[in-house]
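Asker: Pasting upload_6.cif below, which is mmCIF, C-alpha atoms.
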```cif
data_query
#
loop_
_atom_site.group_PDB
_atom_site.id
_atom_site.type_symbol
_atom_site.label_atom_id
_atom_site.label_comp_id
_atom_site.auth_asym_id
_atom_site.auth_seq_id
_atom_site.Cartn_x
_atom_site.Cartn_y
_atom_site.Cartn_z
ATOM 1 C CA GLY A 1 98.777 119.751 156.722
ATOM 2 C CA GLY A 2 97.609 117.336 154.093
ATOM 3 C CA ALA A 3 97.397 119.808 151.169
ATOM 4 C CA SER A 4 98.982 118.763 147.879
ATOM 5 C CA VAL A 5 101.957 120.795 146.741
ATOM 6 C CA LEU A 6 102.204 119.226 143.305
ATOM 7 C CA GLU A 7 99.710 117.010 141.525
ATOM 8 C CA VAL A 8 100.614 115.217 138.278
ATOM 9 C CA ARG A 9 98.143 113.014 136.417
ATOM 10 C CA PHE A 10 98.959 110.871 133.387
ATOM 11 C CA ASN A 11 96.596 109.328 130.870
ATOM 12 C CA THR A 12 97.945 106.634 128.541
ATOM 13 C CA GLN A 13 96.424 107.347 125.142
ATOM 14 C CA VAL A 14 98.617 104.948 123.168
ATOM 15 C CA LYS A 15 100.422 101.838 124.413
ATOM 16 C CA THR A 16 102.396 99.431 122.282
ATOM 17 C CA GLU A 17 104.729 96.555 123.212
ATOM 18 C CA TRP A 18 107.401 94.538 121.464
ATOM 19 C CA GLU A 19 110.008 91.928 122.283
ATOM 20 C CA VAL A 20 113.609 92.560 123.300
ATOM 21 C CA PRO A 21 116.184 89.859 122.402
ATOM 22 C CA GLY A 22 117.163 87.778 125.422
ATOM 23 C CA GLN A 23 114.228 88.976 127.570
ATOM 24 C CA ALA A 24 110.944 87.336 128.548
ATOM 25 C CA GLU A 25 109.197 90.670 129.263
ATOM 26 C CA LYS A 26 108.269 92.953 126.388
ATOM 27 C CA VAL A 27 109.282 96.597 126.422
ATOM 28 C CA ILE A 28 106.308 98.956 126.757
ATOM 29 C CA HIS A 29 106.220 102.249 124.836
ATOM 30 C CA ARG A 30 103.652 104.967 125.586
ATOM 31 C CA PRO A 31 104.397 107.694 123.018
ATOM 32 C CA LEU A 32 101.403 109.972 123.534
ATOM 33 C CA LEU A 33 100.987 110.434 127.276
ATOM 34 C CA ALA A 34 98.573 113.207 128.186
ATOM 35 C CA ALA A 35 99.471 114.864 131.468
ATOM 36 C CA THR A 36 98.058 117.576 133.668
ATOM 37 C CA VAL A 37 100.135 119.333 136.289
ATOM 38 C CA ALA A 38 98.695 121.407 139.096
ATOM 39 C CA ALA A 39 100.795 123.234 141.685
ATOM 40 C CA PRO A 40 98.629 126.067 143.033
ATOM 41 C CA SER A 41 100.693 126.595 146.182
ATOM 42 C CA ILE A 42 103.998 127.053 144.317
ATOM 43 C CA LEU A 43 102.860 128.341 140.909
ATOM 44 C CA THR A 44 100.587 131.115 142.102
ATOM 45 C CA LYS A 45 100.800 133.157 138.869
ATOM 46 C CA SER A 46 100.241 130.193 136.534
ATOM 47 C CA PRO A 47 96.964 128.692 135.358
ATOM 48 C CA PRO A 48 95.563 126.254 137.929
ATOM 49 C CA THR A 49 96.295 123.296 135.643
ATOM 50 C CA VAL A 50 98.810 122.970 132.807
ATOM 51 C CA SER A 51 98.336 120.336 130.067
ATOM 52 C CA LEU A 52 101.412 118.587 128.682
ATOM 53 C CA HIS A 53 102.355 115.645 126.463
ATOM 54 C CA GLY A 54 105.003 113.061 127.280
ATOM 55 C CA TYR A 55 106.657 109.812 126.352
ATOM 56 C CA SER A 56 107.420 106.758 128.472
ATOM 57 C CA LYS A 57 109.122 103.425 127.906
ATOM 58 C CA ARG A 58 109.555 100.622 130.388
ATOM 59 C CA TYR A 59 112.093 97.837 130.409
ATOM 60 C CA TYR A 60 111.657 95.204 133.095
ATOM 61 C CA GLY A 61 113.536 92.012 133.712
ATOM 62 C CA PRO A 62 116.957 90.528 134.371
ATOM 63 C CA TYR A 63 118.935 92.622 131.899
ATOM 64 C CA PRO A 64 122.685 92.059 131.480
ATOM 65 C CA HIS A 65 124.982 94.351 133.462
ATOM 66 C CA PHE A 66 126.289 96.348 130.443
ATOM 67 C CA TRP A 67 124.226 98.259 127.901
ATOM 68 C CA SER A 68 124.375 100.973 125.289
ATOM 69 C CA TYR A 69 121.611 102.418 123.153
ATOM 70 C CA ARG A 70 120.555 105.233 120.860
ATOM 71 C CA PHE A 71 116.855 105.923 120.507
ATOM 72 C CA ILE A 72 115.049 108.394 118.229
ATOM 73 C CA THR A 73 111.341 109.225 118.115
ATOM 74 C CA PHE A 74 110.392 111.386 115.116
ATOM 75 C CA VAL A 75 107.125 113.198 114.357
ATOM 76 C CA GLY A 76 106.779 115.307 111.222
ATOM 77 C CA LYS A 77 105.028 115.931 107.934
ATOM 78 C CA ASP A 78 105.467 114.213 104.608
ATOM 79 C CA GLN A 79 106.813 116.839 102.177
ATOM 80 C CA ALA A 80 104.626 115.619 99.270
ATOM 81 C CA SER A 81 101.281 114.966 100.984
ATOM 82 C CA GLY A 82 101.498 117.107 104.136
ATOM 83 C CA GLU A 83 100.373 114.032 106.094
ATOM 84 C CA ALA A 84 101.586 113.735 109.701
ATOM 85 C CA LYS A 85 103.861 110.708 110.174
ATOM 86 C CA GLY A 86 106.214 109.311 112.775
ATOM 87 C CA PHE A 87 108.544 106.493 113.709
ATOM 88 C CA TRP A 88 110.670 105.002 116.465
ATOM 89 C CA THR A 89 114.174 103.776 115.770
ATOM 90 C CA ALA A 90 116.811 102.314 118.057
ATOM 91 C CA ASP A 91 120.238 100.769 117.942
ATOM 92 C CA ALA A 92 121.106 99.010 121.191
ATOM 93 C CA THR A 93 123.167 96.317 122.835
ATOM 94 C CA PHE A 94 122.087 94.637 126.070
ATOM 95 C CA GLY A 95 125.068 92.514 127.077
ATOM 96 C CA ALA A 96 125.774 90.470 123.924
ATOM 97 C CA SER A 97 122.201 90.790 122.552
ATOM 98 C CA LYS A 98 121.748 93.209 119.661
ATOM 99 C CA TYR A 99 118.460 95.132 119.561
ATOM 100 C CA ASN A 100 117.713 97.493 116.695
ATOM 101 C CA TYR A 101 114.581 98.530 114.815
ATOM 102 C CA TRP A 102 112.784 101.173 112.801
ATOM 103 C CA LYS A 103 108.995 101.222 113.226
ATOM 104 C CA ASP A 104 106.745 103.640 111.354
ATOM 105 C CA PHE A 105 103.573 104.467 113.236
ATOM 106 C CA SER A 106 100.222 106.152 112.844
ATOM 107 C CA ALA A 107 98.187 107.453 115.744
ATOM 108 C CA GLU A 108 95.367 109.301 114.008
ATOM 109 C CA ASP A 109 92.563 107.643 115.970
ATOM 110 C CA GLY A 110 94.410 107.724 119.314
ATOM 111 C CA LYS A 111 95.609 104.139 118.959
ATOM 112 C CA ALA A 112 99.176 103.489 117.881
ATOM 113 C CA ALA A 113 99.416 101.354 114.807
ATOM 114 C CA VAL A 114 102.798 100.188 113.614
ATOM 115 C CA THR A 115 102.385 100.562 109.854
ATOM 116 C CA HIS A 116 105.821 99.280 108.831
ATOM 117 C CA HIS A 117 108.584 97.411 110.642
ATOM 118 C CA GLU A 118 112.060 97.443 109.112
ATOM 119 C CA GLU A 119 114.097 94.248 109.549
ATOM 120 C CA LYS A 120 116.777 94.663 112.228
ATOM 121 C CA GLN A 121 119.703 93.952 109.909
ATOM 122 C CA HIS A 122 118.782 97.128 107.947
ATOM 123 C CA CYS A 123 118.692 99.477 110.972
ATOM 124 C CA PHE A 124 121.564 101.242 112.682
ATOM 125 C CA HIS A 125 122.597 104.634 114.064
ATOM 126 C CA GLN A 126 125.743 106.717 113.625
ATOM 127 C CA MET A 127 125.796 109.610 116.088
ATOM 128 C CA HIS A 128 123.078 111.987 114.824
ATOM 129 C CA VAL A 129 121.819 109.905 111.884
ATOM 130 C CA GLY A 130 119.485 106.893 112.089
ATOM 131 C CA HIS A 131 119.529 104.556 109.074
ATOM 132 C CA CYS A 132 117.133 102.006 107.634
ATOM 133 C CA LEU A 133 116.631 100.520 104.178
ATOM 134 C CA GLY A 134 115.960 103.440 101.812
ATOM 135 C CA ARG A 135 115.727 106.227 104.427
ATOM 136 C CA GLU A 136 117.695 107.979 107.104
ATOM 137 C CA VAL A 137 116.774 110.546 109.730
ATOM 138 C CA HIS A 138 119.151 113.474 110.220
ATOM 139 C CA LEU A 139 119.111 115.281 113.558
ATOM 140 C CA LYS A 140 119.813 118.867 112.449
ATOM 141 C CA SER A 141 120.020 121.180 115.454
ATOM 142 C CA PRO A 142 119.224 120.606 119.128
ATOM 143 C CA PHE A 143 117.059 123.095 120.985
ATOM 144 C CA ALA A 144 116.858 121.444 124.393
ATOM 145 C CA LYS A 145 119.449 119.080 125.845
ATOM 146 C CA ARG A 146 120.353 117.495 129.166
ATOM 147 C CA GLU A 147 122.867 114.956 130.400
ATOM 148 C CA LEU A 148 122.353 112.726 133.425
ATOM 149 C CA ASN A 149 124.514 110.281 135.312
ATOM 150 C CA LEU A 150 122.264 107.398 136.394
ATOM 151 C CA ARG A 151 123.832 105.842 139.478
ATOM 152 C CA SER A 152 122.780 103.306 142.041
ATOM 153 C CA GLU A 153 124.579 100.631 144.058
ATOM 154 C CA ARG A 154 124.703 98.433 140.937
ATOM 155 C CA SER A 155 124.533 100.781 137.972
ATOM 156 C CA ASP A 156 126.459 103.678 136.484
ATOM 157 C CA SER A 157 125.266 104.997 133.116
ATOM 158 C CA LEU A 158 125.616 108.280 131.291
ATOM 159 C CA MET A 159 122.421 109.344 129.500
ATOM 160 C CA SER A 160 121.901 112.334 127.238
ATOM 161 C CA GLU A 161 118.516 113.469 125.960
ATOM 162 C CA ALA A 162 117.768 116.186 123.408
ATOM 163 C CA PHE A 163 114.986 117.563 121.227
ATOM 164 C CA TRP A 164 116.058 118.298 117.654
ATOM 165 C CA SER A 165 114.753 119.706 114.423
ATOM 166 C CA ALA A 166 115.057 116.784 112.015
ATOM 167 C CA GLU A 167 114.739 115.694 108.393
ATOM 168 C CA VAL A 168 114.149 112.326 106.787
ATOM 169 C CA VAL A 169 116.091 111.790 103.573
ATOM 170 C CA ASP A 170 115.469 109.302 100.750
ATOM 171 C CA LYS A 171 118.842 107.517 100.382
ATOM 172 C CA LYS A 172 118.408 106.902 96.640
ATOM 173 C CA THR A 173 117.544 110.468 95.588
ATOM 174 C CA GLY A 174 118.998 112.490 98.478
ATOM 175 C CA ASN A 175 115.695 114.383 98.690
ATOM 176 C CA VAL A 176 114.186 115.465 102.005
ATOM 177 C CA VAL A 177 110.891 113.543 102.272
ATOM 178 C CA MET A 178 109.819 114.612 105.779
ATOM 179 C CA LYS A 179 110.578 117.485 108.139
ATOM 180 C CA GLY A 180 109.722 117.584 111.811
ATOM 181 C CA TYR A 181 111.061 117.133 115.315
ATOM 182 C CA ALA A 182 112.840 114.297 117.063
ATOM 183 C CA PHE A 183 113.577 113.224 120.605
ATOM 184 C CA ASN A 184 116.993 111.541 120.839
ATOM 185 C CA GLU A 185 118.216 109.572 123.824
ATOM 186 C CA HIS A 186 121.667 108.012 124.119
ATOM 187 C CA CYS A 187 122.791 105.966 127.115
ATOM 188 C CA MET A 188 125.810 103.794 127.892
ATOM 189 C CA GLY A 189 127.188 102.103 130.966
ATOM 190 C CA THR A 190 125.921 99.529 133.431
ATOM 191 C CA ILE A 191 122.453 98.676 134.710
#
```
Take the structure from the file and write it as structure tokens.
Answerer:
Amino acid sequence: GGASVLEVRFNTQVKTEWEVPGQAEKVIHRPLLAATVAAPSILTKSPPTVSLHGYSKRYYGPYPHFWSYRFITFVGKDQASGEAKGFWTADATFGASKYNYWKDFSAEDGKAAVTHHEEKQHCFHQMHVGHCLGREVHLKSPFAKRELNLRSERSDSLMSEAFWSAEVVDKKTGNVVMKGYAFNEHCMGTI
């Protein structure tokens, strides 16, 4: 009795917040979670501890009953400089409130810095392409995907999540300016 079967520890390396239309509470994004998982009693042939990376976002507050969103996190390399770059982009509706953005970020020193924020009227998604002024991200091919039905007494939403190979294209020239990987989440229903 009393022995742990599974132990998971998270360390928030980067935390950033921004406002959601119609809400008093800001949404919290933690894009570079460091995690360790230990399960010696059930993973007897594995190393005692496995290190992982994760992502977390938290919405809290009196959200409207209906919602729909597409969310993409991209991390890749600039084709010209080889520099590592990333961004978050979303296209969402919470009730009648529209919520969309494209935020470039840098996390070289372990602290997220939003280096550019595209105005919301220039950001939108169409299935597997996220658009902003001058650029678009193309989700090329998925290599891990899952679909979940999120149900409770009040809510019923269908959420799909997938990891993709991805490219960022300059809209003016059509040239690929970054290649990398993206996490894409799409959800619609009630909350």
Asker: Can you turn the PyMOL selection byres ((chain A and resi 127) around 10) into a concrete residue list for this file, as a list in words?
Answerer: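 That expression, the PyMOL selection byres ((chain A and resi 127) around 10), corresponds here to Arg70, Phe124, His125, Gln126, His128, Val129, Gly130, His138, Leu139 and His186 of chain A.
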Asker: Leaving out Lys57 of chain A and any residue of its chain fewer than 3 positions from it, which residues lie within 12 Å of it when counting all atoms listed in the file, given as a list in words?
Answerer: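 After dropping sequence-adjacent residues, the list is Thr12, Val14, Lys15, Thr16, Glu17, Trp18, Lys26, Val27, Ile28, His29, Arg30, Pro31, Leu32, Leu33, Gly54, Tyr60, Phe71, Thr73, Trp88 and Glu185 of chain A.
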Asker: So what do you get for atom CA of His65 of chain A versus atom CA of Lys120 of chain A, distance-wise?
Answerer: 22.8 Å
Asker: May I have the residues within 8 Å of Asp156 of chain A as a ChimeraX atom specification, using only C-alpha atoms and disregarding those fewer than 4 positions away in the same chain?
Answerer: /A:149-152,189-191
Asker: Which polymer residues have any atom within 7 Å of an atom of Glu167 of chain A, counting only C-alpha atoms, with same-chain residues fewer than 4 positions away left out, as a PyMOL selection string?
Answerer: chain A and resi 137-139+176+178-180
Asker: With only C-alpha atoms as the basis for distance, which of A:Val37, A:Gly61, A:Gly22, A:Lys171 is at the shortest distance from Ala96 of chain A?
Answerer: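 Using only C-alpha atoms, the shortest distance to Ala96 of chain A belongs to A:Gly22.
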